[in-house]
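Q: Sharing input35.cif (mmCIF, C-alpha atoms) below.
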data_model
loop_
_atom_site.label_atom_id
_atom_site.label_comp_id
_atom_site.auth_asym_id
_atom_site.auth_seq_id
_atom_site.Cartn_x
_atom_site.Cartn_y
_atom_site.Cartn_z
CA MET A 75 -13.77 54.14 -55.08
CA ASN A 76 -15.25 53.77 -51.55
CA ASP A 77 -13.10 55.34 -48.81
CA GLU A 78 -14.87 53.42 -45.93
CA PRO A 79 -12.95 50.35 -44.71
CA ASP A 80 -14.36 47.00 -45.65
CA ASP A 81 -15.20 44.80 -42.67
CA GLU A 82 -14.05 41.65 -44.40
CA MET A 83 -10.77 43.21 -45.38
CA ASN A 84 -10.13 44.29 -41.75
CA GLY A 85 -10.71 40.73 -40.50
CA GLN A 86 -13.94 41.63 -38.72
CA PRO A 87 -16.81 39.35 -39.73
CA ASP A 88 -20.15 40.84 -40.41
CA ASP A 89 -22.72 39.55 -37.92
CA GLY A 90 -25.53 40.62 -40.09
CA PRO A 91 -28.17 43.19 -39.47
CA ASP A 92 -29.10 44.15 -35.88
CA ASP A 93 -32.71 42.96 -35.50
CA GLY A 94 -32.98 43.67 -31.73
CA THR A 95 -32.22 40.08 -30.56
CA ARG A 96 -28.53 40.60 -29.88
CA GLY A 97 -27.78 40.36 -26.07
CA ALA A 98 -31.25 39.08 -25.16
CA GLU A 99 -31.64 36.45 -22.32
CA PRO A 100 -32.18 32.82 -23.34
CA PRO A 101 -35.77 31.55 -23.12
CA MET A 102 -37.01 30.14 -19.72
CA THR A 103 -36.84 26.37 -19.55
CA GLY A 104 -38.84 24.13 -17.18
CA ARG A 105 -35.90 23.68 -14.85
CA ARG A 106 -35.24 27.38 -14.62
CA ARG A 107 -38.91 28.04 -13.87
CA LEU A 108 -38.77 25.45 -11.03
CA VAL A 109 -35.64 27.01 -9.50
CA ALA A 110 -37.14 30.47 -9.78
CA GLY A 111 -40.26 29.29 -7.99
CA LEU A 112 -38.39 27.63 -5.12
CA TRP A 113 -35.65 30.15 -4.49
CA PRO A 114 -35.62 32.52 -2.78
CA PRO A 115 -38.25 30.88 -0.54
CA ARG A 116 -41.43 32.83 0.05
CA LEU A 117 -42.88 31.59 3.39
CA SER A 118 -45.98 32.93 5.02
CA ARG A 119 -46.15 33.38 8.79
CA ALA A 120 -48.31 30.28 9.18
CA GLN A 121 -45.88 28.15 7.18
CA LEU A 122 -42.95 29.44 9.22
CA THR A 123 -44.77 28.63 12.49
CA VAL A 124 -45.53 25.09 11.31
CA ALA A 125 -41.90 24.60 10.29
CA VAL A 126 -40.65 25.71 13.73
CA LEU A 127 -43.12 23.40 15.49
CA LEU A 128 -42.11 20.45 13.33
CA PHE A 129 -38.44 21.15 14.04
CA GLY A 130 -39.09 21.25 17.79
CA LEU A 131 -41.09 18.02 17.63
CA GLY A 132 -38.33 16.27 15.70
CA LEU A 133 -35.70 17.49 18.14
CA GLY A 134 -37.73 16.27 21.12
CA LEU A 135 -38.22 12.84 19.56
CA ALA A 136 -34.51 12.57 18.83
CA ILE A 137 -33.62 13.43 22.44
CA GLN A 138 -36.16 10.92 23.77
CA VAL A 139 -34.83 8.16 21.54
CA ARG A 140 -31.27 8.96 22.59
CA SER A 141 -32.22 8.92 26.29
CA THR A 142 -34.07 5.61 25.97
CA SER A 143 -31.11 4.13 24.12
CA ASP A 144 -28.71 5.28 26.84
CA ASN A 145 -30.88 3.77 29.61
CA SER A 146 -31.18 0.50 27.72
CA GLY A 147 -27.42 0.41 27.26
CA ALA A 148 -26.91 0.98 30.99
CA LEU A 149 -29.22 -1.92 31.84
CA ARG A 150 -27.52 -4.18 29.31
CA GLY A 151 -24.20 -3.52 31.03
CA ALA A 152 -25.54 -4.06 34.56
CA ARG A 153 -24.52 -7.03 36.64
CA GLN A 154 -26.95 -9.86 37.25
CA GLU A 155 -27.27 -9.06 40.95
CA ASP A 156 -28.06 -5.42 40.11
CA LEU A 157 -30.83 -6.50 37.74
CA VAL A 158 -32.24 -8.82 40.41
CA ARG A 159 -32.25 -5.97 42.92
CA ILE A 160 -33.97 -3.60 40.47
CA LEU A 161 -36.66 -6.17 39.62
CA THR A 162 -37.24 -6.93 43.30
CA GLU A 163 -37.67 -3.25 44.14
CA LEU A 164 -40.09 -2.78 41.24
CA ASP A 165 -42.16 -5.80 42.30
CA ASN A 166 -42.31 -4.60 45.91
CA ARG A 167 -43.25 -1.09 44.87
CA GLY A 168 -45.97 -2.37 42.57
CA GLN A 169 -47.39 -4.55 45.35
CA ARG A 170 -47.46 -1.62 47.79
CA LEU A 171 -49.26 0.55 45.26
CA GLN A 172 -51.85 -2.17 44.73
CA ASP A 173 -52.37 -2.47 48.50
CA GLU A 174 -52.76 1.29 48.80
CA LYS A 175 -55.26 1.29 45.94
CA ARG A 176 -57.36 -1.42 47.62
CA GLY A 177 -57.26 0.49 50.91
CA LEU A 178 -58.51 3.69 49.27
CA GLU A 179 -61.25 1.80 47.46
CA THR A 180 -62.34 0.27 50.78
CA GLN A 181 -62.48 3.71 52.40
CA ARG A 182 -64.58 5.07 49.55
CA SER A 183 -66.94 2.10 49.78
CA ASP A 184 -67.31 2.57 53.54
CA LEU A 185 -68.17 6.23 53.06
CA GLU A 186 -70.71 5.49 50.35
CA THR A 187 -72.48 2.66 52.23
CA SER A 188 -72.33 3.99 55.78
CA SER A 189 -75.64 5.08 57.31
CA ASP A 190 -73.84 7.90 59.15
CA GLN A 191 -71.38 9.28 56.63
CA ALA A 192 -70.29 12.12 58.92
CA ALA A 193 -69.25 9.68 61.67
CA GLU A 194 -67.47 7.45 59.14
CA ALA A 195 -65.62 10.45 57.67
CA LEU A 196 -64.53 11.52 61.17
CA LYS A 197 -63.31 7.99 61.91
CA GLN A 198 -61.27 7.86 58.72
CA THR A 199 -59.86 11.34 59.38
CA ARG A 200 -58.63 10.32 62.82
CA GLN A 201 -57.11 7.15 61.39
CA LYS A 202 -55.35 9.15 58.69
CA ALA A 203 -54.05 11.62 61.29
CA GLN A 204 -52.62 8.70 63.27
CA GLU A 205 -50.93 7.32 60.14
CA LEU A 206 -49.45 10.73 59.31
CA GLY A 207 -48.21 11.02 62.89
CA VAL A 208 -46.30 7.75 62.46
CA LEU A 209 -44.74 9.01 59.24
CA ALA A 210 -43.89 12.37 60.80
CA GLY A 211 -42.40 10.67 63.86
CA THR A 212 -44.64 12.49 66.34
CA VAL A 213 -46.32 9.33 67.71
CA PRO A 214 -44.81 5.95 68.67
CA ALA A 215 -45.41 2.91 66.49
CA GLU A 216 -45.19 -0.83 66.80
CA GLY A 217 -45.62 -3.77 64.48
CA PRO A 218 -43.75 -6.53 62.69
CA GLY A 219 -40.38 -5.79 61.17
CA ILE A 220 -36.67 -6.34 61.60
CA THR A 221 -33.71 -5.16 63.62
CA LEU A 222 -30.52 -4.45 61.69
CA THR A 223 -27.29 -4.16 63.65
CA ILE A 224 -24.20 -2.90 61.82
CA THR A 225 -20.90 -3.50 63.58
CA ASP A 226 -17.95 -1.55 62.19
CA PRO A 227 -14.74 -2.37 64.08
CA HIS A 228 -12.48 -0.86 61.39
CA GLY A 229 -14.38 2.41 60.94
CA GLY A 230 -15.06 1.83 57.25
CA VAL A 231 -18.80 2.62 57.37
CA GLU A 232 -19.43 6.27 56.61
CA ALA A 233 -22.52 8.45 56.42
CA ASP A 234 -23.24 7.62 52.78
CA SER A 235 -23.30 3.88 53.58
CA LEU A 236 -25.90 4.42 56.29
CA LEU A 237 -27.93 6.59 53.93
CA ASP A 238 -27.84 3.86 51.28
CA THR A 239 -29.06 1.38 53.89
CA LEU A 240 -31.93 3.67 54.84
CA GLN A 241 -32.93 4.17 51.21
CA GLU A 242 -32.90 0.41 50.64
CA LEU A 243 -35.20 -0.10 53.61
CA ARG A 244 -37.56 2.61 52.43
CA ALA A 245 -37.66 1.10 48.96
CA ALA A 246 -38.55 -2.26 50.52
CA GLY A 247 -41.56 -0.75 52.32
CA ALA A 248 -40.29 0.36 55.73
CA GLU A 249 -42.96 2.44 57.46
CA ALA A 250 -41.21 3.54 60.66
CA ILE A 251 -37.48 3.58 61.45
CA GLN A 252 -35.26 4.68 64.27
CA ILE A 253 -31.47 4.48 64.40
CA ASN A 254 -29.70 4.50 67.76
CA GLY A 255 -32.64 6.25 69.40
CA ILE A 256 -33.13 8.82 66.62
CA ARG A 257 -36.44 8.78 64.76
CA VAL A 258 -36.00 8.81 61.00
CA VAL A 259 -38.45 11.00 59.06
CA ALA A 260 -38.70 12.45 55.57
CA ASP A 261 -36.15 15.23 56.15
CA THR A 262 -33.59 13.14 58.07
CA TYR A 263 -30.04 13.80 56.91
CA PHE A 264 -26.64 12.15 57.44
CA THR A 265 -23.34 13.99 57.71
CA GLU A 266 -19.74 12.98 58.23
CA GLY A 267 -18.26 15.02 61.06
CA THR A 268 -14.76 15.14 62.50
CA ASP A 269 -15.86 12.84 65.33
CA GLY A 270 -17.87 10.41 63.20
CA VAL A 271 -21.31 10.05 61.68
CA GLN A 272 -24.10 12.43 62.61
CA ILE A 273 -27.84 11.96 62.03
CA ASP A 274 -29.88 15.16 62.05
CA GLY A 275 -26.96 16.82 63.82
CA HIS A 276 -26.70 14.18 66.56
CA LYS A 277 -23.56 12.07 66.81
CA VAL A 278 -24.08 8.33 66.59
CA SER A 279 -21.50 5.61 67.10
CA GLN A 280 -21.34 1.98 66.11
CA PRO A 281 -22.85 -0.47 66.44
CA TYR A 282 -25.60 1.18 64.40
CA ALA A 283 -28.95 -0.30 65.46
CA PHE A 284 -31.85 0.05 63.01
CA LYS A 285 -35.36 -0.70 64.29
CA VAL A 286 -37.59 -1.03 61.26
CA ILE A 287 -41.34 -1.63 61.06
CA GLY A 288 -42.59 -3.21 57.86
CA ASN A 289 -43.17 -6.55 56.23
CA PRO A 290 -40.23 -8.76 57.33
CA GLN A 291 -40.65 -10.91 54.20
CA ASP A 292 -39.83 -7.83 52.12
CA LEU A 293 -37.28 -6.09 54.33
CA GLU A 294 -34.81 -8.90 54.99
CA PRO A 295 -34.50 -10.14 51.37
CA ALA A 296 -34.01 -6.56 50.19
CA LEU A 297 -30.92 -6.27 52.40
CA ASN A 298 -29.52 -9.70 51.49
CA ILE A 299 -29.93 -9.66 47.70
CA PRO A 300 -26.70 -9.98 45.68
CA GLY A 301 -25.00 -6.58 45.54
CA GLY A 302 -27.24 -5.25 48.30
CA VAL A 303 -26.59 -3.64 51.66
CA VAL A 304 -25.13 -6.67 53.42
CA GLN A 305 -22.58 -7.45 50.70
CA THR A 306 -21.62 -3.78 50.42
CA LEU A 307 -21.01 -3.51 54.16
CA GLU A 308 -18.96 -6.71 54.11
CA LYS A 309 -16.66 -5.10 51.56
CA GLU A 310 -16.06 -2.36 54.16
CA GLN A 311 -15.11 -5.12 56.66
CA ALA A 312 -18.30 -4.49 58.62
CA THR A 313 -20.96 -7.00 59.63
CA ALA A 314 -24.72 -6.66 59.31
CA ASP A 315 -27.03 -8.86 61.38
CA VAL A 316 -30.71 -8.97 60.41
CA VAL A 317 -33.29 -10.43 62.79
CA ARG A 318 -36.99 -10.72 62.03
CA SER A 319 -39.53 -9.99 64.72
CA GLN A 320 -43.31 -9.84 64.99
CA ARG A 321 -43.12 -6.89 67.37
CA ILE A 322 -40.81 -3.97 66.80
CA VAL A 323 -41.31 -0.86 68.93
CA VAL A 324 -40.26 2.50 67.49
CA ASP A 325 -40.70 4.95 70.35
CA ALA A 326 -38.23 7.74 69.56
CA LEU A 327 -40.28 10.87 68.85
CA ARG A 328 -39.80 14.07 66.90
CA SER A 329 -41.33 17.34 68.02
CA SER A 330 -44.13 18.65 65.86
CA LYS A 331 -42.80 21.69 64.02
CA GLN A 332 -45.18 24.24 62.62
CA PRO A 333 -44.14 25.80 59.30
CA ASP A 334 -43.21 29.46 59.39
CA TYR A 335 -44.68 30.44 56.03
CA ALA A 336 -46.62 27.55 54.48
CA ARG A 337 -50.37 27.51 55.17
CA SER A 338 -53.10 25.19 53.98
CA SER A 339 -54.73 26.41 50.80
CA GLN A 340 -58.10 24.93 51.83
#
Take the structure from the file and write it as structure tokens.
A:
Amino acid sequence: MNDEPDDEMNGQPDDGPDDGTRGAEPPMTGRRRLVAGLWPPRLSRAQLTVAVLLFGLGLGLAIQVRSTSDNSGALRGARQEDLVRILTELDNRGQRLQDEKRGLETQRSDLETSSDQAAEALKQTRQKAQELGVLAGTVPAEGPGITLTITDPHGGVEADSLLDTLQELRAAGAEAIQINGIRVVADTYFTEGTDGVQIDGHKVSQPYAFKVIGNPQDLEPALNIPGGVVQTLEKEQATADVVRSQRIVVDALRSSKQPDYARSSQ
């Protein structure tokens, strides 16, 4: 009689002989091979660089699309008079650029066809110096334009309103401006002091008289368009009178200031 316990009698089934397959991993299927090939990712330096560049490009495109969408939404919500003013400013700016282009082409043609190119170049240089002097306010100027007189009996016109008026005139093509005897140049600034408005540190009082040289057919409509300077000043209970003239004299001068540090690179 066998003394060893019988597996069947002890309730433990016999799994058969151990042939070395017990506990082995299941065979690799196609899906498992695909997952093993994709993860963890094995990227080369070149692939990583391309991925970063593509991400940056996508981010830039998304920002550009968002910005364009925001600008379009702002224009869709603008008032009709604001759209008219924007279109008018764009048309005037485009016309001025075309005129400037034709002027430069004429200068180039004169230089190329002149028998004495040195004399022609000197002539154009002097003319350009005169034009820059007008812009810098160091020489007087005269020409067609308008006078704008702002009367403010209730004191509602502040420095920012005058600055908006100046910017509107510049956008309409003003070439030389003086306000109450003060020549306006590129670095002119407006401040609101305790005793009123100051221009370049000089106190000015109303009525504010603008002498503006430019095309009157562009300047006056730019001030009178719906939502423009005249309507804005009327909301402040001020009046703005615009008069066209074929001869406006801008004779207030600015002293020529030499830069302390900047020098010509040529």
Q: Contacts of A:Gly217 at 6 Å or less, counting only C-alpha atoms, minus same-chain residues fewer than 5 places along, as a list in words?
A: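 The filter keeps Ile287, Arg321 and Ile322 of chain A.
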Q: As an exercise, work out the distance from atom CA of A:Arg337 to atom CA of A:Ala193 in Å and give it to one decimal place.
A: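 Atom-to-atom, atom CA of A:Arg337 and atom CA of A:Ala193 are spaced 26.8 Å apart.
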Q: Using atom CA of A:Gly301 and atom CA of A:Thr223 as the two end points, give the distance in Å to one decimal.
A: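 Taking atom CA of A:Gly301 as the start and atom CA of A:Thr223 as the end point, the length is 18.4 Å.
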Q: Excluding A:Gly288 and residues on its chain fewer than 5 positions from it, collect all residues at most 6 Å away from it, counting all atoms listed in the file, and give them as an mmCIF file with C-alpha atoms, in the frame of the given file.
A:
data_model
loop_
_atom_site.group_PDB
_atom_site.id
_atom_site.type_symbol
_atom_site.label_atom_id
_atom_site.label_comp_id
_atom_site.auth_asym_id
_atom_site.auth_seq_id
_atom_site.Cartn_x
_atom_site.Cartn_y
_atom_site.Cartn_z
ATOM 1 C CA PRO A 218 -43.750 -6.530 62.690
ATOM 2 C CA GLY A 219 -40.380 -5.790 61.170
ATOM 3 C CA ALA A 248 -40.290 0.360 55.730
ATOM 4 C CA GLU A 249 -42.960 2.440 57.460
#
Q: Suppose you want the space between atom CA of A:Asp234 and atom CA of A:Gln169; what is it in Å?
A: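 Separation of atom CA of A:Asp234 and atom CA of A:Gln169: 28.0 Å.
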Q: Determine the residue membership of the PyMOL selection byres ((chain A and resi 280) around 12) for the file above and supply it as a list in words.
A: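 Here the PyMOL selection byres ((chain A and resi 280) around 12) matches Thr223, Ile224, Thr225, Asp226, Pro227, His228, Gly229, Gly230, Val231, Glu232, Ala233, Leu236, Ile253, Asn254, Gly270, Val271, Gln272, Lys277, Val278, Ser279, Pro281, Tyr282, Ala283, Phe284, Ala312, Thr313 and Ala314 of chain A.
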Q: Using all atoms listed in the file, which of the listed residues (A:Ile256, A:Gln311, A:Pro295, A:Glu174) sits closest to A:His276?
A: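 Closest candidate: A:Ile256.
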Q: Neighbouring residues of A:Val317 were defined as those with any atom within 7 Å, considering all atoms listed in the file; residues of the same chain fewer than 3 positions away were excluded. Please report them as a CSV table (one decimal) with C-alpha atoms, keeping the file's coordinate frame.
A:
chain,number,residue,atom,x,y,z
A,220,ILE,CA,-36.7,-6.3,61.6
A,221,THR,CA,-33.7,-5.2,63.6
A,222,LEU,CA,-30.5,-4.4,61.7
Q: Quick one: apply the PyMOL selection byres ((chain A and resi 247) around 8) to the file and drop the selected residues here as a list in words.
A: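 Evaluating the PyMOL selection byres ((chain A and resi 247) around 8) on this file yields Asn166, Arg167, Arg170, Leu243, Arg244, Ala245, Ala246, Ala248, Glu249, Gly288, Asn289, Asp292 and Leu293 of chain A.
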Q: Excluding same-chain residues fewer than 3 positions from A:Gly255, what lies within 9 Å of it counting only C-alpha atoms, as a PDB file with C-alpha atoms, in the coordinates of the input?
A:
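part-v7.pdb, written as the output of this step:
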ATOM      1  CA  GLN A 252     -35.260   4.680  64.270  1.00  0.00           C
ATOM      2  CA  ALA A 283     -28.950  -0.300  65.460  1.00  0.00           C
ATOM      3  CA  PHE A 284     -31.850   0.050  63.010  1.00  0.00           C
ATOM      4  CA  VAL A 324     -40.260   2.500  67.490  1.00  0.00           C
ATOM      5  CA  ASP A 325     -40.700   4.950  70.350  1.00  0.00           C
ATOM      6  CA  ALA A 326     -38.230   7.740  69.560  1.00  0.00           C
ATOM      7  CA  LEU A 327     -40.280  10.870  68.850  1.00  0.00           C
TER       8      LEU A 327
END
Q: Determine, counting all atoms listed in the file, which protein, DNA and RNA residues have an atom within 8 Å of an atom of A:Val259; residues of the same chain fewer than 3 positions away are not included. Present the result as a list in words.
A: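 So the residues in contact are Leu209, Ala210, Gly211, Ile251 and Thr262 of chain A.
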